[in-house]
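Shown next: model-v8.txt, given as compact mmCIF, C-alpha atoms.
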```txt
# COMPACT_ATOMS: atom_id res chain seq x y z
CA MET R 267 37.60 -1.95 9.16
CA ALA R 268 39.02 1.51 8.45
CA VAL R 269 36.61 4.43 8.24
CA SER R 270 37.55 5.13 4.64
CA ASN R 271 36.65 1.54 3.68
CA TRP R 272 33.29 1.87 5.45
CA ILE R 273 32.49 4.92 3.36
CA THR R 274 33.55 3.21 0.13
CA LEU R 275 31.23 0.29 0.86
CA SER R 276 28.39 2.66 1.64
CA ILE R 277 28.61 4.32 -1.77
CA VAL R 278 29.67 1.40 -3.95
CA GLY R 279 28.07 1.56 -7.38
CA LEU R 280 27.19 5.23 -7.15
CA SER R 281 28.75 7.78 -9.46
CA THR R 282 30.19 10.92 -7.93
CA LEU R 283 30.30 14.38 -9.35
CA ILE R 284 31.25 17.68 -9.28
CA TRP R 285 28.84 20.34 -8.23
CA ALA R 286 30.02 22.54 -5.39
CA PRO R 287 27.12 24.38 -3.69
CA SER R 288 27.64 27.80 -2.23
CA ALA R 289 27.40 26.27 1.26
CA ALA R 290 30.37 23.95 0.63
CA ALA R 291 33.30 24.74 2.87
CA ALA R 292 37.05 24.50 2.51
CA PRO R 293 38.74 21.84 0.34
CA ALA R 294 39.35 18.43 1.86
CA ALA R 295 42.57 17.60 3.61
CA PRO R 296 44.99 15.60 1.42
CA ASP R 297 44.22 12.26 3.12
CA CYS R 298 40.44 12.73 3.15
CA PRO R 299 37.80 12.29 0.46
CA ALA R 300 36.20 15.43 -0.92
CA PRO R 301 33.27 16.63 1.22
CA ALA R 302 30.01 14.91 0.31
CA LEU R 303 28.39 18.28 -0.38
CA SER R 304 31.02 19.01 -3.04
CA ARG R 305 30.06 15.84 -4.93
CA LEU R 306 26.40 16.50 -5.64
CA LYS R 307 25.12 15.65 -9.11
CA HIS R 308 22.56 17.55 -11.19
CA HIS R 309 19.47 15.98 -12.74
CA VAL R 310 16.70 17.59 -14.81
CA ILE R 311 13.36 15.82 -14.36
CA VAL R 312 11.82 14.55 -17.60
CA PRO R 313 8.28 13.34 -18.40
CA GLY R 314 7.51 9.96 -16.87
CA GLU R 315 9.78 10.39 -13.86
CA ASN R 316 8.43 10.57 -10.32
CA LEU R 317 9.99 10.63 -6.89
CA SER R 318 10.12 6.83 -6.61
CA ILE R 319 11.73 6.41 -10.03
CA LEU R 320 14.35 9.06 -9.25
CA ALA R 321 15.17 7.46 -5.91
CA ARG R 322 15.60 4.01 -7.46
CA ARG R 323 17.72 5.38 -10.28
CA TYR R 324 20.25 6.84 -7.88
CA ASN R 325 19.95 4.11 -5.23
CA LEU R 326 18.53 6.53 -2.66
CA ILE R 327 15.40 6.80 -0.57
CA PRO R 328 12.81 9.49 -1.50
CA ALA R 329 13.34 11.42 1.75
CA THR R 330 16.98 12.07 0.83
CA LEU R 331 15.98 13.74 -2.43
CA MET R 332 13.20 15.68 -0.71
CA GLY R 333 15.60 17.00 1.91
CA LEU R 334 18.03 18.48 -0.60
CA ASN R 335 15.37 19.64 -3.08
CA PRO R 336 12.47 21.76 -1.75
CA ALA R 337 10.65 21.36 -5.10
CA LEU R 338 10.14 17.66 -4.30
CA ARG R 339 8.77 18.05 -0.78
CA GLN R 340 5.12 17.72 -1.77
CA GLY R 341 5.87 14.28 -3.17
CA LYS R 342 5.71 15.55 -6.76
CA ALA R 343 8.45 15.65 -9.41
CA PRO R 344 7.74 18.71 -11.65
CA VAL R 345 9.01 18.17 -15.19
CA GLY R 346 11.93 20.46 -16.07
CA THR R 347 12.98 20.96 -12.44
CA ARG R 348 16.73 20.83 -11.89
CA ILE R 349 17.54 18.87 -8.73
CA VAL R 350 20.70 17.84 -6.92
CA ILE R 351 21.61 14.24 -6.09
CA PRO R 352 23.90 13.33 -3.18
CA PRO R 353 26.38 10.44 -3.45
CA TYR R 354 24.50 8.44 -0.79
CA ASN R 355 21.61 8.74 1.65
CA GLY R 356 21.74 11.41 4.31
CA ILE R 357 20.77 14.94 5.25
CA GLN R 358 22.28 18.40 5.09
CA VAL R 359 22.52 20.12 8.47
CA ARG R 360 23.54 23.64 9.39
CA ILE R 361 25.44 23.55 12.68
CA PRO R 362 23.93 26.05 15.12
CA PRO R 363 26.18 28.61 16.83
CA GLY R 364 27.85 27.15 19.88
CA GLN R 365 27.70 23.55 18.65
CA ARG R 366 30.54 21.53 17.21
CA LEU R 367 30.81 18.59 14.87
CA LYS R 368 30.96 16.13 17.76
CA ASP R 369 27.75 17.60 19.20
CA VAL R 370 25.93 16.93 15.93
CA ALA R 371 27.41 13.43 15.78
CA ALA R 372 26.07 12.69 19.27
CA ILE R 373 22.58 13.96 18.46
CA TYR R 374 22.29 11.87 15.31
CA LYS R 375 24.11 8.84 16.77
CA VAL R 376 26.80 8.92 14.09
CA ARG R 377 30.47 8.23 14.79
CA SER R 378 32.40 11.48 15.01
CA ASP R 379 35.28 10.17 12.90
CA VAL R 380 32.90 9.09 10.14
CA LEU R 381 31.17 12.49 10.13
CA PHE R 382 34.57 14.21 10.11
CA GLU R 383 35.78 12.23 7.10
CA VAL R 384 32.51 12.43 5.14
CA ASN R 385 32.80 16.21 5.35
CA GLY R 386 36.37 16.39 4.11
CA CYS R 387 38.10 16.55 7.51
CA GLN R 388 37.01 20.12 8.06
CA VAL R 389 37.70 21.28 11.58
CA SER R 390 34.88 23.82 11.96
CA PRO R 391 32.33 23.41 9.15
CA THR R 392 29.09 25.37 9.25
CA VAL R 393 27.12 23.02 7.00
CA VAL R 394 27.63 19.25 7.01
CA PHE R 395 26.24 16.14 5.34
CA ILE R 396 25.22 13.37 7.76
CA PRO R 397 25.18 9.93 6.09
CA GLY R 398 22.47 7.37 6.73
CA VAL R 399 20.02 9.78 8.39
CA ASN R 400 16.58 10.46 6.97
CA TRP R 401 15.48 14.01 6.23
CA SER R 402 12.76 15.45 8.45
CA PRO R 403 11.00 18.63 7.26
CA VAL R 404 11.33 21.68 9.50
CA ALA R 405 10.53 25.35 9.12
CA THR R 406 14.10 26.63 8.98
CA PRO R 407 15.72 28.81 6.29
CA GLY R 408 17.17 26.83 3.41
CA GLY R 409 15.40 23.60 4.32
CA ASN R 410 18.15 22.35 6.59
CA ALA R 411 17.42 19.64 9.10
CA GLU R 412 16.98 20.85 12.65
CA VAL R 413 19.52 19.65 15.23
CA ARG R 414 17.66 18.79 18.40
CA PRO R 415 16.95 15.68 20.48
CA SER R 416 13.56 14.66 21.80
CA SER R 417 11.93 12.13 24.04
CA ASP R 418 8.60 11.67 22.23
CA ARG R 419 6.87 8.50 23.39
CA PHE R 420 4.64 6.20 21.35
CA ASN R 421 1.57 6.31 23.58
CA HIS R 422 -1.36 6.74 21.19
CA TYR R 423 -2.73 3.59 19.55
CA PRO R 424 -3.06 4.21 15.77
CA LEU R 425 -6.74 3.16 15.64
CA PRO R 426 -9.79 4.08 17.78
CA THR R 427 -9.84 0.63 19.42
CA VAL R 428 -7.30 -2.13 19.93
CA VAL R 429 -7.64 -4.69 17.11
CA PRO R 430 -6.17 -8.10 16.21
CA ILE R 431 -2.99 -8.38 14.13
CA ALA R 432 -3.95 -9.94 10.81
CA LEU R 433 -0.37 -10.36 9.54
CA GLY R 434 2.66 -10.15 11.80
CA TYR R 435 6.17 -8.81 11.44
CA GLY R 436 8.95 -10.84 9.81
CA TRP R 437 9.09 -13.58 7.21
CA GLN R 438 5.56 -14.45 6.15
CA ILE R 439 3.62 -15.96 3.27
CA HIS R 440 2.14 -12.89 1.64
CA PRO R 441 -1.67 -13.23 1.47
CA VAL R 442 -1.84 -11.60 -2.00
CA THR R 443 1.22 -12.93 -3.84
CA GLY R 444 1.47 -16.27 -2.03
CA GLN R 445 5.25 -15.79 -1.90
CA VAL R 446 7.44 -15.91 1.19
CA ALA R 447 8.50 -12.32 1.87
CA PHE R 448 9.72 -10.17 4.71
CA HIS R 449 6.87 -8.16 6.21
CA SER R 450 8.36 -4.95 7.59
CA GLY R 451 5.39 -4.08 9.79
CA VAL R 452 2.08 -5.46 11.02
CA ASP R 453 -1.35 -5.43 9.41
CA LEU R 454 -4.04 -4.31 11.85
CA GLU R 455 -7.60 -5.48 11.15
CA ALA R 456 -9.95 -2.52 10.71
CA ALA R 457 -12.98 -1.58 8.67
CA ALA R 458 -12.72 0.78 5.72
CA ALA R 459 -12.93 4.47 6.64
CA THR R 460 -11.74 3.87 10.24
CA PRO R 461 -9.70 6.93 11.37
CA VAL R 462 -5.93 6.44 11.58
CA ARG R 463 -4.02 8.56 14.10
CA VAL R 464 -0.33 9.25 14.69
CA VAL R 465 1.18 7.50 17.71
CA ALA R 466 3.46 10.37 18.83
CA ASN R 467 4.48 13.95 18.04
CA GLY R 468 6.36 14.30 14.76
CA THR R 469 6.70 15.79 11.31
CA VAL R 470 5.17 14.39 8.13
CA ALA R 471 8.05 13.31 5.87
CA PHE R 472 5.92 11.74 3.12
CA ALA R 473 2.23 11.76 2.24
CA GLY R 474 1.22 10.23 -1.06
CA THR R 475 1.12 7.07 -3.14
CA GLN R 476 4.14 4.78 -2.89
CA GLY R 477 4.08 1.46 -4.78
CA ASN R 478 2.93 -1.55 -2.74
CA TYR R 479 2.25 0.70 0.23
CA GLY R 480 -0.60 2.37 -1.64
CA ASN R 481 -1.53 5.63 0.08
CA LEU R 482 1.23 6.13 2.62
CA VAL R 483 2.00 8.59 5.41
CA VAL R 484 5.51 8.61 6.91
CA VAL R 485 6.07 10.52 10.15
CA ASN R 486 9.54 11.27 11.49
CA HIS R 487 9.81 11.54 15.26
CA THR R 488 12.67 13.50 16.79
CA SER R 489 13.47 10.59 19.06
CA GLY R 490 15.25 8.98 16.10
CA ARG R 491 12.32 6.80 15.10
CA GLN R 492 9.85 6.80 12.24
CA THR R 493 6.33 5.44 11.82
CA ARG R 494 4.59 4.46 8.59
CA TYR R 495 0.85 4.14 7.96
CA ALA R 496 -0.02 2.43 4.67
CA GLN R 497 -2.86 1.12 2.51
CA LEU R 498 -4.90 4.21 3.48
CA ALA R 499 -8.12 5.13 1.68
CA LYS R 500 -7.40 8.83 2.02
CA ILE R 501 -4.71 11.09 3.46
CA SER R 502 -5.51 14.16 5.54
CA VAL R 503 -2.02 15.57 6.26
CA SER R 504 0.68 17.09 4.07
CA VAL R 505 4.47 16.92 3.85
CA GLY R 506 6.22 19.21 6.31
CA GLN R 507 3.25 19.43 8.67
CA LYS R 508 4.12 19.23 12.36
CA ILE R 509 1.58 17.05 14.12
CA ARG R 510 0.74 16.18 17.70
CA GLN R 511 0.12 12.73 19.12
CA GLY R 512 -3.38 11.58 18.14
CA THR R 513 -3.66 13.77 15.02
CA ALA R 514 -5.76 12.14 12.27
CA LEU R 515 -3.60 11.09 9.31
CA GLY R 516 -6.31 9.60 7.11
CA THR R 517 -8.58 6.55 7.00
CA VAL R 518 -8.19 2.80 6.63
CA GLY R 519 -8.38 1.52 3.07
CA ALA R 520 -7.17 -1.20 0.72
CA THR R 521 -4.81 0.61 -1.63
CA GLY R 522 -1.51 -0.67 -3.00
CA LEU R 523 -0.86 -4.39 -2.55
CA ALA R 524 -3.89 -5.04 -0.35
CA ASN R 525 -6.87 -7.34 -0.90
CA ARG R 526 -8.97 -6.07 2.01
CA PRO R 527 -9.15 -2.99 4.24
CA HIS R 528 -6.54 -2.87 7.01
CA LEU R 529 -3.83 -0.61 8.40
CA HIS R 530 -0.25 -1.55 7.59
CA PHE R 531 1.77 -0.06 10.45
CA GLU R 532 5.57 0.14 10.72
CA ILE R 533 8.11 1.45 13.20
CA ARG R 534 11.64 2.15 12.00
CA ALA R 535 14.76 3.22 13.86
CA ASN R 536 17.51 5.46 12.58
CA SER R 537 20.85 3.76 11.92
CA ALA R 538 24.06 4.26 9.98
CA VAL R 539 22.45 2.58 6.96
CA GLY R 540 19.14 4.43 7.05
CA TRP R 541 15.77 3.59 8.60
CA VAL R 542 15.68 -0.03 9.78
CA ALA R 543 12.35 -1.78 10.42
CA GLN R 544 11.61 -2.95 13.96
CA ASP R 545 8.97 -5.35 15.26
CA PRO R 546 6.03 -3.09 16.26
CA THR R 547 4.40 -5.73 18.50
CA ALA R 548 5.96 -4.60 21.79
CA TYR R 549 5.32 -0.95 20.95
CA LEU R 550 1.65 -1.70 20.26
CA ALA R 551 1.36 -3.49 23.60
CA GLY R 552 2.72 -0.37 25.31
CA MET R 553 0.25 1.81 23.44
CA LYS R 554 -2.55 -0.50 24.56
CA SER R 555 -1.45 -0.14 28.17
CA ALA R 556 -1.20 3.64 27.87
CA ARG R 557 -4.65 3.74 26.29
CA SER R 558 -6.19 1.77 29.15
CA LYS R 559 -5.02 4.48 31.58
CA LEU R 560 -6.78 7.28 29.71
```

Can you present the structure in this file as structure tokens?
Amino acid sequence: MAVSNWITLSIVGLSTLIWAPSAAAAPAAPDCPAPALSRLKHHVIVPGENLSILARRYNLIPATLMGLNPALRQGKAPVGTRIVIPPYNGIQVRIPPGQRLKDVAAIYKVRSDVLFEVNGCQVSPTVVFIPGVNWSPVATPGGNAEVRPSSDRFNHYPLPTVVPIALGYGWQIHPVTGQVAFHSGVDLEAAAATPVRVVANGTVAFAGTQGNYGNLVVVNHTSGRQTRYAQLAKISVSVGQKIRQGTALGTVGATGLANRPHLHFEIRANSAVGWVAQDPTAYLAGMKSARSKL
């Protein structure tokens, strides 16, 4: 399949528009689409809208909107705020001096030709849009994503002691709805108020209430993976906070679509289509082994 067709499929059903930010670079080459950053839309938040509603409306994930709009990074959607909407999921990255487009493509595991075309076939852009990558908060001017690899390892078990898995990963009969559904993580048996800790170094990408997840903390790890901790009773971290392995995120609860206290734990991997859920079972076994050596 041609690269241009891949991009069309990625954005099917999404409207494109017309706002060129000051960071947008030169016009696209004749045979290339306009750069993604020249096709941002504007939206003014009205009463009744929140981050989840906005994301669903534009067929995006919340992290994408948070990355391009600093006003949304606390998980709130202030009424009257004017925000920008990209044509599809991704992040804005400022290319550091000495790096080239292919260097950024390698770091984020994106095909160089795709990245080249998404950004209007610019030879030496300074700011680019990387499709299918989730925003991770960093303390850099302008809120751009930081370009750096890492080898963070998932060594810290998310609870004080190793516990049984109450509901596994994959297609399951949901204990609350009774319907067959895909379970994107595992439910770990634990008493209410049990401390929940992050499994590796990372940055908090989301901390708040999110539908069926209830109280949710999402941590992005610079190794290209993400962990999610849901159904929490309380949250003790905030969006943008850099945290070390073992940092307390909150406590076990029964919020969202939960009928008893437990920790819903997910591991996701970065891909061309966003964050894809992985079976956490093997990771948890590794954490258990690492814990036994402490």

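Reported to one decimal place, the separation of CA of Gly516 (chain R) from CA of Pro461 (chain R) is 6.1 Å.
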
Extract, using all atoms listed in the file, all DNA, RNA and protein residues at most 12 Å from Pro430 (chain R), discarding same-chain residues fewer than 6 positions from it, and format them as a PDB file with C-alpha atoms, keeping the file's coordinate frame.
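Final output, saved to selection.pdb:
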```pdb
ATOM      1  CA  VAL R 452       2.080  -5.460  11.020  1.00  0.00           C
ATOM      2  CA  ASP R 453      -1.350  -5.430   9.410  1.00  0.00           C
ATOM      3  CA  LEU R 454      -4.040  -4.310  11.850  1.00  0.00           C
ATOM      4  CA  GLU R 455      -7.600  -5.480  11.150  1.00  0.00           C
ATOM      5  CA  ALA R 456      -9.950  -2.520  10.710  1.00  0.00           C
ATOM      6  CA  HIS R 528      -6.540  -2.870   7.010  1.00  0.00           C
ATOM      7  CA  LEU R 529      -3.830  -0.610   8.400  1.00  0.00           C
ATOM      8  CA  THR R 547       4.400  -5.730  18.500  1.00  0.00           C
ATOM      9  CA  LEU R 550       1.650  -1.700  20.260  1.00  0.00           C
ATOM     10  CA  ALA R 551       1.360  -3.490  23.600  1.00  0.00           C
ATOM     11  CA  LYS R 554      -2.550  -0.500  24.560  1.00  0.00           C
TER      12      LYS R 554
END
```

Please tabulate, as a tab-separated table, the residues of region 443-538 of chain R that come within 9 Å of region 336-360 of chain R, each with its closest pair of atoms and the distance in Å to one decimal, counting only C-alpha atoms and ordering rows by chain, then residue number upward.
```
residue	atom	partner	partner_atom	distance
R:Ala471	CA	R:Arg339	CA	8.2
R:Phe472	CA	R:Gly341	CA	6.8
R:Ala473	CA	R:Gly341	CA	7.0
R:Gly474	CA	R:Gly341	CA	6.5
R:Thr475	CA	R:Gly341	CA	8.6
R:Ser504	CA	R:Gln340	CA	7.4
R:Val505	CA	R:Gln340	CA	5.7
R:Gly506	CA	R:Arg339	CA	7.6
```

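Closest to Gly386 (chain R) among R:Thr493, R:Ser304, R:Thr427, R:Gln438 is R:Ser304, based on only C-alpha atoms.
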
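Going from CA of Pro441 (chain R) over to CA of Thr517 (chain R), you cover 21.7 Å.
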
For this session: Give as number ranges by chain each residue that has an atom at most 10 Å from (18.3, 11.2, -11.1) in the file, counting only C-alpha atoms.
Result: R: 307-312, 315-317, 319-326, 331, 348-352

Residues as selected, C-alpha atoms, written as a PDB file, in the coordinates of the input, can you do that?
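Saved file result_12.pdb follows:
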```pdb
ATOM      1  CA  LYS R 307      25.120  15.650  -9.110  1.00  0.00           C
ATOM      2  CA  HIS R 308      22.560  17.550 -11.190  1.00  0.00           C
ATOM      3  CA  HIS R 309      19.470  15.980 -12.740  1.00  0.00           C
ATOM      4  CA  VAL R 310      16.700  17.590 -14.810  1.00  0.00           C
ATOM      5  CA  ILE R 311      13.360  15.820 -14.360  1.00  0.00           C
ATOM      6  CA  VAL R 312      11.820  14.550 -17.600  1.00  0.00           C
ATOM      7  CA  GLU R 315       9.780  10.390 -13.860  1.00  0.00           C
ATOM      8  CA  ASN R 316       8.430  10.570 -10.320  1.00  0.00           C
ATOM      9  CA  LEU R 317       9.990  10.630  -6.890  1.00  0.00           C
ATOM     10  CA  ILE R 319      11.730   6.410 -10.030  1.00  0.00           C
ATOM     11  CA  LEU R 320      14.350   9.060  -9.250  1.00  0.00           C
ATOM     12  CA  ALA R 321      15.170   7.460  -5.910  1.00  0.00           C
ATOM     13  CA  ARG R 322      15.600   4.010  -7.460  1.00  0.00           C
ATOM     14  CA  ARG R 323      17.720   5.380 -10.280  1.00  0.00           C
ATOM     15  CA  TYR R 324      20.250   6.840  -7.880  1.00  0.00           C
ATOM     16  CA  ASN R 325      19.950   4.110  -5.230  1.00  0.00           C
ATOM     17  CA  LEU R 326      18.530   6.530  -2.660  1.00  0.00           C
ATOM     18  CA  LEU R 331      15.980  13.740  -2.430  1.00  0.00           C
ATOM     19  CA  ARG R 348      16.730  20.830 -11.890  1.00  0.00           C
ATOM     20  CA  ILE R 349      17.540  18.870  -8.730  1.00  0.00           C
ATOM     21  CA  VAL R 350      20.700  17.840  -6.920  1.00  0.00           C
ATOM     22  CA  ILE R 351      21.610  14.240  -6.090  1.00  0.00           C
ATOM     23  CA  PRO R 352      23.900  13.330  -3.180  1.00  0.00           C
TER      24      PRO R 352
END
```

Exercise. Which residue, R:Phe448, R:Tyr423, R:Trp541, R:Trp437, has the smallest gap to Val399 (chain R) when you use all atoms listed in the file?
Worked result: R:Trp541

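Near Val470 (chain R), within a cut-off of 8 Å and counting only C-alpha atoms, sit the residues Ser402, Pro403, Val483, Val484, Val485, Asn486, Val503, Ser504, Val505, Gly506, Gln507, Lys508 and Ile509 of chain R, with same-chain residues fewer than 6 positions away left out.
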
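Interatomic distance, CA of Leu515 (chain R) to CA of Arg463 (chain R): 5.4 Å.
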
Problem set entry | Expected answer as a count of residues only: all residues with atoms within 6 Å of (-5.6, 0.9, 0.9), all atoms listed in the file | 8

Exercise. R:Pro301, R:Gly490, R:Pro424, R:Gly477: which is nearest Thr460 (chain R), counting only C-alpha atoms?
Worked result: R:Pro424

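Nearest residue to Ser318 (chain R), choosing from R:Met332, R:Ile361, R:Lys375, R:Ser502 and counting all atoms listed in the file: R:Met332.
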
Problem set entry | Contacts of Phe382 (chain R) within 8 Å, all atoms listed in the file, excl. fewer than 6 positions in-chain, as a VMD selection string | chain R and resid 367 388 to 389

Could you write those residues out with C-alpha atoms, as a PDB file, in the frame of the given file?
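That gives us out11.pdb:
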```
ATOM      1  CA  LEU R 367      30.810  18.590  14.870  1.00  0.00           C
ATOM      2  CA  GLN R 388      37.010  20.120   8.060  1.00  0.00           C
ATOM      3  CA  VAL R 389      37.700  21.280  11.580  1.00  0.00           C
TER       4      VAL R 389
END
```

Problem set entry | Distance criterion (all atoms listed in the file): nearest to Arg305 (chain R) out of R:Ala514, R:Val384, R:Asn421, R:Ala459 | R:Val384

Need a file for region 300-391 of chain R from that block: C-alpha atoms, written as a tab-separated table (two decimals), in the first residue's frame.
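Output file part-v4.tsv is given in full below:
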```
chain	number	residue	atom	x	y	z
R	300	ALA	CA	-0.21	19.84	3.42
R	301	PRO	CA	1.76	19.48	6.67
R	302	ALA	CA	-0.38	18.15	9.52
R	303	LEU	CA	0.45	21.22	11.61
R	304	SER	CA	-1.05	23.47	8.92
R	305	ARG	CA	-4.38	21.63	9.19
R	306	LEU	CA	-5.23	22.20	12.83
R	307	LYS	CA	-8.82	23.13	13.67
R	308	HIS	CA	-10.05	25.56	16.32
R	309	HIS	CA	-12.63	24.71	18.97
R	310	VAL	CA	-14.03	26.86	21.78
R	311	ILE	CA	-15.04	24.79	24.82
R	312	VAL	CA	-18.68	25.21	25.85
R	313	PRO	CA	-20.52	24.25	29.06
R	314	GLY	CA	-21.01	20.50	29.38
R	315	GLU	CA	-17.87	19.54	27.47
R	316	ASN	CA	-14.97	17.75	29.13
R	317	LEU	CA	-11.77	16.19	27.88
R	318	SER	CA	-13.39	12.82	27.15
R	319	ILE	CA	-16.27	14.39	25.22
R	320	LEU	CA	-13.88	16.51	23.15
R	321	ALA	CA	-11.69	13.51	22.35
R	322	ARG	CA	-14.67	11.41	21.23
R	323	ARG	CA	-16.07	14.23	19.14
R	324	TYR	CA	-12.89	14.50	17.10
R	325	ASN	CA	-12.04	10.78	17.16
R	326	LEU	CA	-8.86	11.39	19.16
R	327	ILE	CA	-7.42	10.23	22.46
R	328	PRO	CA	-7.29	12.74	25.37
R	329	ALA	CA	-3.47	12.76	25.44
R	330	THR	CA	-3.37	14.15	21.89
R	331	LEU	CA	-5.48	17.15	22.89
R	332	MET	CA	-3.48	17.64	26.08
R	333	GLY	CA	-0.21	17.67	24.16
R	334	LEU	CA	-1.24	20.46	21.81
R	335	ASN	CA	-3.20	22.45	24.40
R	336	PRO	CA	-1.46	23.29	27.71
R	337	ALA	CA	-4.80	24.49	29.16
R	338	LEU	CA	-6.04	20.87	29.12
R	339	ARG	CA	-3.05	19.25	30.82
R	340	GLN	CA	-4.63	19.12	34.27
R	341	GLY	CA	-7.42	16.98	32.85
R	342	LYS	CA	-9.88	19.90	32.92
R	343	ALA	CA	-11.66	21.62	30.02
R	344	PRO	CA	-12.18	25.30	31.03
R	345	VAL	CA	-15.26	26.79	29.41
R	346	GLY	CA	-14.43	29.48	26.85
R	347	THR	CA	-10.92	28.15	26.19
R	348	ARG	CA	-9.92	28.13	22.54
R	349	ILE	CA	-8.08	24.92	21.67
R	350	VAL	CA	-6.55	23.42	18.55
R	351	ILE	CA	-7.48	20.03	17.13
R	352	PRO	CA	-5.09	17.98	14.97
R	353	PRO	CA	-6.37	15.91	12.03
R	354	TYR	CA	-5.39	12.65	13.77
R	355	ASN	CA	-3.60	11.36	16.86
R	356	GLY	CA	0.02	12.29	17.40
R	357	ILE	CA	2.42	14.72	19.01
R	358	GLN	CA	4.24	17.90	18.08
R	359	VAL	CA	8.01	17.65	18.42
R	360	ARG	CA	10.71	20.29	18.07
R	361	ILE	CA	13.76	18.71	16.46
R	362	PRO	CA	16.85	19.44	18.56
R	363	PRO	CA	19.94	20.96	16.92
R	364	GLY	CA	22.08	18.32	15.28
R	365	GLN	CA	19.22	15.87	14.73
R	366	ARG	CA	17.42	15.17	11.49
R	367	LEU	CA	14.01	13.89	10.54
R	368	LYS	CA	15.28	10.33	10.22
R	369	ASP	CA	16.74	10.52	13.75
R	370	VAL	CA	13.33	11.44	15.15
R	371	ALA	CA	11.70	8.68	13.11
R	372	ALA	CA	14.10	6.14	14.59
R	373	ILE	CA	13.50	7.28	18.16
R	374	TYR	CA	9.72	7.08	17.84
R	375	LYS	CA	9.75	3.94	15.67
R	376	VAL	CA	7.92	5.65	12.82
R	377	ARG	CA	8.74	5.07	9.16
R	378	SER	CA	10.85	7.92	7.82
R	379	ASP	CA	8.85	8.18	4.59
R	380	VAL	CA	5.58	8.44	6.53
R	381	LEU	CA	6.99	11.16	8.78
R	382	PHE	CA	8.35	12.98	5.73
R	383	GLU	CA	4.99	12.96	3.96
R	384	VAL	CA	2.90	13.81	7.05
R	385	ASN	CA	5.01	16.95	7.41
R	386	GLY	CA	4.59	18.10	3.82
R	387	CYS	CA	7.84	16.66	2.43
R	388	GLN	CA	9.91	19.32	4.14
R	389	VAL	CA	13.61	18.56	3.95
R	390	SER	CA	14.75	20.25	7.17
R	391	PRO	CA	11.75	21.09	9.37
```
